[in-house]
Amino acid sequence: MRDVALNWNDLGAAMRPVMFFALVAVSFPLGLGADPQLLREVAPGLVWVAALLSVLLALDGLFRDDVLDGTLEQWLLSDLPLSLTVLSRVTAQWIAHVLPVVLMGPLVALGLGLTFDTALILMATLALGTPTVMLLGSLGSALLAPARSGSGLLGLLVLPLFIPILVFGAGTTMAYAGGAEVSAQMALLGAMFVAALSLLPAAIAAALRIVTGG
Amino acid sequence: MTTPLNIDQLSIERDERWLIQNFSLQALPGQLIQVAGPNGAGKSTLLRAIAGLYSGFEGQIQVAGAQTPAQRRAQVLLWTALPGVKSRLSARQNLQWLLSLRGDCADPDPLLAQVGLRGWEDALAGLLSTGQARRIALASLLANESPLWCLDEPFNAIDVDGQALLAGLIRKRLAAGAVVLLATHHAPADLQPDQVVNLGGGL
Amino acid sequence: MARTWQWFHRWGSPPHVFHAGRQWQLGFGVAGFALLTLGWVWGLAFAPVDYQQGNSYRIIFLHVPVAFLAQSLYMAMAAAGLVLLVWKMKIADLVIQATLPIGAVITFLALVTGAIWGKPTWGTYWVWDARLTSMLILLFLYLGGMALRPALPSDVAGRAVALLLVVGVINIPIIKYSVEWWNTLHQGATLKLTERPAMPASMWVPLVISILAMYCLAGFWVLQRLRTLLLLRESKAKWAREWVGEKYGL
């Protein structure tokens with residue numbers, strides 16, 4: 001609750017990833033040229049890469065403020081299990097910062113010439129994939145919580161871990177656009193999310209304990 | 001009856017240097033213990049180790065019989081220079097959260113009134129002065145009944161009235177049989193420590 | 001059980017690791033050098049020419065061993081990381097510290113030799129082949145592990161790196177699988193290496209010898225770094241002073 005309220009009170013920061021996402025998406029046609037055929041082909045990958053970059057933006061300093069103002073210490077001392085606290089923090093951050101990107105994704109895809117159906121599939125892959133990415137990235141944020149300048153480093157730590165999601169997220173959309181059946185890949189994305197959801201909160205909590213010396 | 005705080009042969013090494021070596025301490029119920037020493041002597045680290053937040057030490061720490069870090073965390077109140085007040089939440093929201101961490105659902109408004117924040121309940125903590133923001137955290141101490149209080153420089157950035165309020169709170173806890181650890185350079189005149197621990201200087 | 005613990009305990013003691021490590025290091029060094037000489041002379045001079053690739057295939061006697069090693073070293077580090085996280089054995093942290101840069105160099109070497117091999121085989125130094133791409137991602141995993149340590153306070157950095165490695169090692173098979181799927185999605189099998197028909201023994205025996213040799217040499221190198229790091233960390237301890245005093249007459 002408090003995490004949601006926090007984001008509500010700082011809407012400006014919460015809108016940053018989606019604006020960044022839109023700008024990156026607009027930059028691609030300007031950089032690649034406006035050939036509709038080319039844009040339609042690269043659209044899924046392009047939207048997914050832009051989405052990953054904006055998740056990275058949403059992750060930047062996810063726990064840094066909590067370290068600086070002593071919130072983290074109070075979490076550690078509290079009776080609540082840390083992994084639950086962490087999960088609520090990450091969920092709130094995803095809702096405020098990344099959900100707008102998921103909703104914006106298909107609009108951008110339509111603008112790049114994808115069909116309505118394909119845009120919907122793209123949105124489904126984003127909705128299934130970005131929470132996994134968010135959890136993986138939060139582990140990096142937690143490890144870097146006490147580091148003074150973590151932004152550049154965060155990408156190096158977590159982008160390699162994002163690759164399976166990128167591959168299946170963009171690949172599924174492309175396969176669908178090419179007329180293939182994609183329910184298996186969707187199930188795989190879902191399975192990865194379930195695995196991440198069951199394993200990563202504990203790992204993030206462990207990371208927070210480790211970096212604070214506990 | 002277990003002692004509220006029992007430290008046996010504690011050693012803490014940091015960056016190839018012994019902060020604390022073979023340090024033992026026993027506290028009896030109702031004792032005020034001052035931890036003194038220059039900056040960087042390890043006052044905060046000692047308090048964090050006792051509270052179960054720092055595990056890079058050798059030796060034994062028992063708080064009211066609890067040995068593992070997780071058990072100790074449940075017994076200790078730790079107040080640091082960073083009280084966990086979010087500048088973008090109101091005074092009431094902040095206090096509610098601080099209380100809820102201990103499973104306490106008390107009404108925050110009377111507590112805020114007790115620390116002199118009546119009328120500021122809905123103000124964002126970021127717009128309050130530093131001293132006022134610390135009073136929010138102070139309000140969370142009012143209801144706390146942990147057997148061990150670890151206070152790290154609690155008198156910083158609080159005005160004279162606030163200091164008197166805090167000193168009163170500490171005396172009340174001591175009278176109830178709790179142990180209070182006070183990490184500070186100089187304790188106020190009206191709080192006489194029963195034991196003084198000096199860190200640093202090759203201890 | 002008690003034996004196992006005793007063994008564990010001994011290898012947790014710095015002077016024991018330092019002195020016994022020296023014997024192992026010598027053993028690995030001699031065995032590695034001998035095997036490498038045997039494997040390479042056999043492989044480079046006596047193994048038959050490949051009927052498709054000619055002599056250019058002979059780079060496998062370097063490429064395949066380092067590619068194996070690149071993955072094994074990462075897994076070994078993750079195992080050490082698990083030991084550090086679960087049993088808090090400080091020596092495991094030093095093992096990771098000793099291995100990380102070696103692993104990164106080996107992975108880089110695997111990429112470079114792969115690219116050199118690619119030139120005559122594919123006609124270009126780099127193609128987005130599944131194995132090469134996985135290797136590139138592995139290199140980034142190594143670099144991430146190396147970059148994390150200096151960013152954190154020294155007393156917590158070791159365990160933070162260990163956690164990252166453990167999570168990384170769980171991800172490696174998922175990454176490999178996804179990259180393989182991606183590869184089939186985007187390009188046909190044309191650019192893939194032709195499925196090699198079963199290699200004649202005169203090719204694979206020297207290859208296996210070269211792989212063994214490279215593992216021994218990696219063991220030698222890791223132990224060298226591990227012992228140096230131990231000496232640095234324990235420079236105030238009595239055994240370290242005595243050893244340095246004897247060796248250099250100080």
# chains A, B, ... in the order shown; residues from 1 in each chain; ligands from 1
call {"tool": "residues_around", "arguments": {"residues": "stretch 133-143 of chain C", "least_positions_apart": "4", "cutoff": "9 Å", "atoms": "only C-alpha atoms", "output": "VMD selection string"}}
result
(chain A and resid 156 to 161 163) or (chain C and resid 67 70 to 71 74 100 to 101 103 to 105 107 to 108 110 to 111 127 to 129 147 to 148 165 168 172 175 to 176 179 to 180)
call {"tool": "write_last_selection", "arguments": {"atoms": "C-alpha atoms", "output": "PDB file, in the first residue's frame"}}
result
ATOM      1  CA  LEU A 156      25.916  -4.935 -17.434  1.00  0.00           C
ATOM      2  CA  LEU A 157      24.701  -7.122 -14.576  1.00  0.00           C
ATOM      3  CA  VAL A 158      21.153  -7.788 -15.691  1.00  0.00           C
ATOM      4  CA  LEU A 159      20.862  -7.369 -19.476  1.00  0.00           C
ATOM      5  CA  PRO A 160      22.526 -10.766 -20.129  1.00  0.00           C
ATOM      6  CA  LEU A 161      19.916 -12.314 -17.829  1.00  0.00           C
ATOM      7  CA  ILE A 163      18.078 -12.308 -23.049  1.00  0.00           C
TER       8      ILE A 163
ATOM      9  CA  ALA C  67      35.339 -23.172 -25.066  1.00  0.00           C
ATOM     10  CA  ALA C  70      35.022 -21.091 -20.345  1.00  0.00           C
ATOM     11  CA  GLN C  71      31.818 -22.800 -19.228  1.00  0.00           C
ATOM     12  CA  TYR C  74      31.904 -20.334 -14.577  1.00  0.00           C
ATOM     13  CA  LEU C 100      36.909 -14.534 -12.546  1.00  0.00           C
ATOM     14  CA  PRO C 101      39.547 -12.754 -14.660  1.00  0.00           C
ATOM     15  CA  GLY C 103      37.527 -17.174 -16.971  1.00  0.00           C
ATOM     16  CA  ALA C 104      36.934 -13.890 -18.763  1.00  0.00           C
ATOM     17  CA  VAL C 105      40.232 -14.178 -20.645  1.00  0.00           C
ATOM     18  CA  THR C 107      36.010 -16.886 -22.808  1.00  0.00           C
ATOM     19  CA  PHE C 108      37.467 -14.065 -24.860  1.00  0.00           C
ATOM     20  CA  ALA C 110      37.203 -18.901 -27.185  1.00  0.00           C
ATOM     21  CA  LEU C 111      35.404 -16.093 -29.036  1.00  0.00           C
ATOM     22  CA  VAL C 127      27.961 -14.827 -37.759  1.00  0.00           C
ATOM     23  CA  TRP C 128      25.140 -14.922 -35.249  1.00  0.00           C
ATOM     24  CA  ASP C 129      25.592 -18.601 -34.673  1.00  0.00           C
ATOM     25  CA  ALA C 147      32.448  -5.183 -12.296  1.00  0.00           C
ATOM     26  CA  LEU C 148      30.293  -5.787  -9.224  1.00  0.00           C
ATOM     27  CA  LEU C 165      27.145 -16.083 -10.039  1.00  0.00           C
ATOM     28  CA  GLY C 168      23.855 -16.594 -13.491  1.00  0.00           C
ATOM     29  CA  ILE C 172      22.989 -20.270 -18.475  1.00  0.00           C
ATOM     30  CA  ILE C 175      20.007 -18.612 -22.196  1.00  0.00           C
ATOM     31  CA  LYS C 176      21.503 -21.401 -24.295  1.00  0.00           C
ATOM     32  CA  VAL C 179      19.501 -18.650 -28.186  1.00  0.00           C
ATOM     33  CA  GLU C 180      19.202 -21.987 -29.966  1.00  0.00           C
TER      34      GLU C 180
END
call {"tool": "residues_around", "arguments": {"residues": "A:Leu114", "least_positions_apart": "2", "cutoff": "12 Å", "atoms": "only C-alpha atoms", "output": "JSON, numbers by chain"}}
result
{"A": [36, 37, 38, 39, 40, 41, 42, 43, 44, 47, 105, 106, 107, 108, 109, 110, 111, 112, 116, 117, 118, 119, 120, 121, 122, 123, 173, 174, 176, 177, 178]}
call {"tool": "write_last_selection", "arguments": {"atoms": "N, CA and C atoms", "output": "PDB file, in the first residue's frame"}}
result
ATOM      1  N   PRO A  36       7.861   1.036 -44.927  1.00  0.00           N
ATOM      2  CA  PRO A  36       6.871   0.304 -44.124  1.00  0.00           C
ATOM      3  C   PRO A  36       7.214  -1.173 -44.010  1.00  0.00           C
ATOM      4  N   GLN A  37       7.700  -1.781 -45.086  1.00  0.00           N
ATOM      5  CA  GLN A  37       8.031  -3.198 -45.080  1.00  0.00           C
ATOM      6  C   GLN A  37       9.087  -3.504 -44.018  1.00  0.00           C
ATOM      7  N   LEU A  38      10.165  -2.687 -44.040  1.00  0.00           N
ATOM      8  CA  LEU A  38      11.259  -2.874 -43.082  1.00  0.00           C
ATOM      9  C   LEU A  38      10.753  -2.687 -41.654  1.00  0.00           C
ATOM     10  N   LEU A  39       9.982  -1.623 -41.433  1.00  0.00           N
ATOM     11  CA  LEU A  39       9.519  -1.323 -40.079  1.00  0.00           C
ATOM     12  C   LEU A  39       8.630  -2.439 -39.543  1.00  0.00           C
ATOM     13  N   ARG A  40       7.771  -2.985 -40.425  1.00  0.00           N
ATOM     14  CA  ARG A  40       6.885  -4.046 -39.976  1.00  0.00           C
ATOM     15  C   ARG A  40       7.704  -5.261 -39.539  1.00  0.00           C
ATOM     16  N   GLU A  41       8.776  -5.535 -40.269  1.00  0.00           N
ATOM     17  CA  GLU A  41       9.587  -6.696 -39.922  1.00  0.00           C
ATOM     18  C   GLU A  41      10.306  -6.535 -38.586  1.00  0.00           C
ATOM     19  N   VAL A  42      10.813  -5.333 -38.338  1.00  0.00           N
ATOM     20  CA  VAL A  42      11.622  -5.185 -37.115  1.00  0.00           C
ATOM     21  C   VAL A  42      10.784  -4.763 -35.914  1.00  0.00           C
ATOM     22  N   ALA A  43       9.495  -4.446 -36.134  1.00  0.00           N
ATOM     23  CA  ALA A  43       8.680  -3.874 -35.053  1.00  0.00           C
ATOM     24  C   ALA A  43       8.704  -4.678 -33.750  1.00  0.00           C
ATOM     25  N   PRO A  44       8.476  -6.020 -33.780  1.00  0.00           N
ATOM     26  CA  PRO A  44       8.426  -6.729 -32.496  1.00  0.00           C
ATOM     27  C   PRO A  44       9.730  -6.611 -31.706  1.00  0.00           C
ATOM     28  N   VAL A  47      10.169  -2.979 -30.396  1.00  0.00           N
ATOM     29  CA  VAL A  47       9.343  -2.656 -29.230  1.00  0.00           C
ATOM     30  C   VAL A  47       9.896  -3.350 -27.987  1.00  0.00           C
ATOM     31  N   GLY A 105       2.874  -0.275 -25.705  1.00  0.00           N
ATOM     32  CA  GLY A 105       3.544  -1.135 -26.675  1.00  0.00           C
ATOM     33  C   GLY A 105       2.757  -1.406 -27.941  1.00  0.00           C
ATOM     34  N   PRO A 106       1.516  -1.902 -27.822  1.00  0.00           N
ATOM     35  CA  PRO A 106       0.759  -2.211 -29.045  1.00  0.00           C
ATOM     36  C   PRO A 106       0.452  -0.965 -29.875  1.00  0.00           C
ATOM     37  N   LEU A 107       0.275   0.193 -29.227  1.00  0.00           N
ATOM     38  CA  LEU A 107       0.037   1.420 -29.994  1.00  0.00           C
ATOM     39  C   LEU A 107       1.226   1.704 -30.897  1.00  0.00           C
ATOM     40  N   VAL A 108       2.419   1.601 -30.294  1.00  0.00           N
ATOM     41  CA  VAL A 108       3.629   1.816 -31.076  1.00  0.00           C
ATOM     42  C   VAL A 108       3.709   0.791 -32.205  1.00  0.00           C
ATOM     43  N   ALA A 109       3.363  -0.474 -31.863  1.00  0.00           N
ATOM     44  CA  ALA A 109       3.430  -1.542 -32.862  1.00  0.00           C
ATOM     45  C   ALA A 109       2.485  -1.258 -34.026  1.00  0.00           C
ATOM     46  N   LEU A 110       1.251  -0.774 -33.725  1.00  0.00           N
ATOM     47  CA  LEU A 110       0.317  -0.414 -34.790  1.00  0.00           C
ATOM     48  C   LEU A 110       0.909   0.690 -35.655  1.00  0.00           C
ATOM     49  N   GLY A 111       1.542   1.637 -34.983  1.00  0.00           N
ATOM     50  CA  GLY A 111       2.163   2.736 -35.715  1.00  0.00           C
ATOM     51  C   GLY A 111       3.266   2.251 -36.642  1.00  0.00           C
ATOM     52  N   LEU A 112       3.892   1.127 -36.277  1.00  0.00           N
ATOM     53  CA  LEU A 112       4.965   0.591 -37.113  1.00  0.00           C
ATOM     54  C   LEU A 112       4.416  -0.363 -38.165  1.00  0.00           C
ATOM     55  N   PHE A 116      -3.562  -5.609 -36.155  1.00  0.00           N
ATOM     56  CA  PHE A 116      -4.161  -5.481 -34.832  1.00  0.00           C
ATOM     57  C   PHE A 116      -3.923  -6.746 -34.002  1.00  0.00           C
ATOM     58  N   ASP A 117      -4.130  -7.902 -34.629  1.00  0.00           N
ATOM     59  CA  ASP A 117      -3.925  -9.181 -33.933  1.00  0.00           C
ATOM     60  C   ASP A 117      -2.506  -9.318 -33.404  1.00  0.00           C
ATOM     61  N   THR A 118      -1.557  -9.040 -34.287  1.00  0.00           N
ATOM     62  CA  THR A 118      -0.157  -9.178 -33.894  1.00  0.00           C
ATOM     63  C   THR A 118       0.172  -8.220 -32.758  1.00  0.00           C
ATOM     64  N   ALA A 119      -0.395  -7.012 -32.819  1.00  0.00           N
ATOM     65  CA  ALA A 119      -0.149  -6.041 -31.750  1.00  0.00           C
ATOM     66  C   ALA A 119      -0.675  -6.567 -30.426  1.00  0.00           C
ATOM     67  N   LEU A 120      -1.818  -7.259 -30.472  1.00  0.00           N
ATOM     68  CA  LEU A 120      -2.364  -7.832 -29.238  1.00  0.00           C
ATOM     69  C   LEU A 120      -1.445  -8.919 -28.690  1.00  0.00           C
ATOM     70  N   ILE A 121      -0.944  -9.776 -29.590  1.00  0.00           N
ATOM     71  CA  ILE A 121      -0.004 -10.816 -29.159  1.00  0.00           C
ATOM     72  C   ILE A 121       1.238 -10.176 -28.553  1.00  0.00           C
ATOM     73  N   LEU A 122       1.692  -9.102 -29.179  1.00  0.00           N
ATOM     74  CA  LEU A 122       2.864  -8.391 -28.652  1.00  0.00           C
ATOM     75  C   LEU A 122       2.586  -7.910 -27.232  1.00  0.00           C
ATOM     76  N   MET A 123       1.376  -7.351 -27.040  1.00  0.00           N
ATOM     77  CA  MET A 123       1.043  -6.864 -25.709  1.00  0.00           C
ATOM     78  C   MET A 123       1.014  -8.025 -24.713  1.00  0.00           C
ATOM     79  N   THR A 173       6.175 -13.031 -31.082  1.00  0.00           N
ATOM     80  CA  THR A 173       5.404 -12.085 -31.887  1.00  0.00           C
ATOM     81  C   THR A 173       5.720 -12.250 -33.368  1.00  0.00           C
ATOM     82  N   MET A 174       7.009 -12.404 -33.671  1.00  0.00           N
ATOM     83  CA  MET A 174       7.411 -12.554 -35.069  1.00  0.00           C
ATOM     84  C   MET A 174       6.864 -13.854 -35.649  1.00  0.00           C
ATOM     85  N   TYR A 176       4.204 -15.365 -34.742  1.00  0.00           N
ATOM     86  CA  TYR A 176       2.764 -15.186 -34.951  1.00  0.00           C
ATOM     87  C   TYR A 176       2.514 -14.392 -36.233  1.00  0.00           C
ATOM     88  N   ALA A 177       3.286 -13.318 -36.420  1.00  0.00           N
ATOM     89  CA  ALA A 177       3.132 -12.508 -37.625  1.00  0.00           C
ATOM     90  C   ALA A 177       3.401 -13.362 -38.862  1.00  0.00           C
ATOM     91  N   GLY A 178       4.302 -14.358 -38.716  1.00  0.00           N
ATOM     92  CA  GLY A 178       4.603 -15.244 -39.834  1.00  0.00           C
ATOM     93  C   GLY A 178       3.592 -16.373 -39.972  1.00  0.00           C
TER      94      GLY A 178
END
call {"tool": "residues_around", "arguments": {"residues": "stretch 114-120 of chain C", "least_positions_apart": "4", "cutoff": "10 Å", "atoms": "only C-alpha atoms", "output": "list of chain:residue names"}}
result
C:Gln53, C:Gly54, C:Ser56, C:Tyr57, C:Arg58, C:Ile59, C:Ile60, C:Leu62, C:His63, C:Val64, C:Ala67, C:Phe108, C:Leu109, C:Ala110, C:Thr124, C:Tyr125, C:Trp126, C:Val127, C:Arg131, C:Leu132, C:Met135, C:Leu193
call {"tool": "closest_atom_pairs", "arguments": {"of": "chain B", "to": "chain A", "cutoff": "10 Å", "atoms": "only C-alpha atoms", "output": "Markdown table"}}
result
| residue | atom | partner | partner_atom | distance |
| --- | --- | --- | --- | --- |
| B:Thr45 | CA | A:Gly213 | CA | 9.5 |
| B:Arg48 | CA | A:Gly214 | CA | 8.9 |
| B:Ala49 | CA | A:Gly214 | CA | 8.3 |
| B:Ala51 | CA | A:Leu77 | CA | 8.0 |
| B:Gly52 | CA | A:Gly214 | CA | 7.1 |
| B:Leu53 | CA | A:Gly214 | CA | 4.7 |
| B:Tyr54 | CA | A:Gly214 | CA | 4.1 |
| B:Ser55 | CA | A:Gly214 | CA | 4.8 |
| B:Gly56 | CA | A:Gly213 | CA | 6.8 |
| B:Pro69 | CA | A:Gly214 | CA | 8.4 |
| B:Ala70 | CA | A:Leu77 | CA | 8.5 |
| B:Arg72 | CA | A:Leu77 | CA | 9.1 |
| B:Arg73 | CA | A:Leu77 | CA | 5.3 |
| B:Ala74 | CA | A:Asp79 | CA | 6.7 |
| B:Gln75 | CA | A:Leu77 | CA | 9.2 |
| B:Val76 | CA | A:Leu77 | CA | 8.0 |
| B:Leu77 | CA | A:Leu77 | CA | 7.9 |
| B:Leu78 | CA | A:Leu77 | CA | 8.0 |
| B:Trp79 | CA | A:Gln74 | CA | 9.0 |
| B:Thr80 | CA | A:Gly70 | CA | 7.6 |
| B:Ala81 | CA | A:Gly70 | CA | 7.9 |
| B:Leu82 | CA | A:Gly70 | CA | 4.5 |
| B:Pro83 | CA | A:Gly70 | CA | 5.3 |
| B:Gly84 | CA | A:Thr71 | CA | 4.0 |
| B:Val85 | CA | A:Asp69 | CA | 6.5 |
| B:Lys86 | CA | A:Asp69 | CA | 7.0 |
| B:Ser87 | CA | A:Asp69 | CA | 8.9 |
| B:Arg88 | CA | A:Asn9 | CA | 6.3 |
| B:Leu89 | CA | A:Leu6 | CA | 6.5 |
| B:Ser90 | CA | A:Asn9 | CA | 9.9 |
| B:Gln93 | CA | A:Arg2 | CA | 7.7 |
| B:Asn94 | CA | A:Arg2 | CA | 8.6 |
| B:Gln96 | CA | A:Arg2 | CA | 9.4 |
| B:Trp97 | CA | A:Arg2 | CA | 7.3 |
| B:Leu98 | CA | A:Gln74 | CA | 7.8 |
| B:Leu99 | CA | A:Ser78 | CA | 9.8 |
| B:Ser100 | CA | A:Ser78 | CA | 8.7 |
| B:Leu101 | CA | A:Ser78 | CA | 5.0 |
| B:Arg102 | CA | A:Ser78 | CA | 5.9 |
| B:Gly103 | CA | A:Asp79 | CA | 7.4 |
| B:Leu124 | CA | A:Asn9 | CA | 9.7 |
call {"tool": "closest_atom_pairs", "arguments": {"of": "chain B", "to": "chain C", "cutoff": "12 Å", "atoms": "only C-alpha atoms", "output": "Markdown table"}}
result
| residue | atom | partner | partner_atom | distance |
| --- | --- | --- | --- | --- |
| B:Ile12 | CA | C:Asp155 | CA | 11.0 |
| B:Glu13 | CA | C:Asp155 | CA | 8.9 |
| B:Arg14 | CA | C:Asp155 | CA | 6.6 |
| B:Asp15 | CA | C:Ser154 | CA | 6.7 |
| B:Glu16 | CA | C:Arg233 | CA | 8.1 |
| B:Arg17 | CA | C:Lys236 | CA | 10.7 |
| B:Tyr54 | CA | C:Val156 | CA | 10.2 |
| B:Ser55 | CA | C:Val156 | CA | 10.2 |
| B:Gly56 | CA | C:Asp155 | CA | 7.7 |
| B:Phe57 | CA | C:Asp155 | CA | 10.9 |
call {"tool": "atom_distance", "arguments": {"atom1": "atom CA of C:Ser13", "atom2": "atom CA of C:Met214"}}
result
27.7 Å
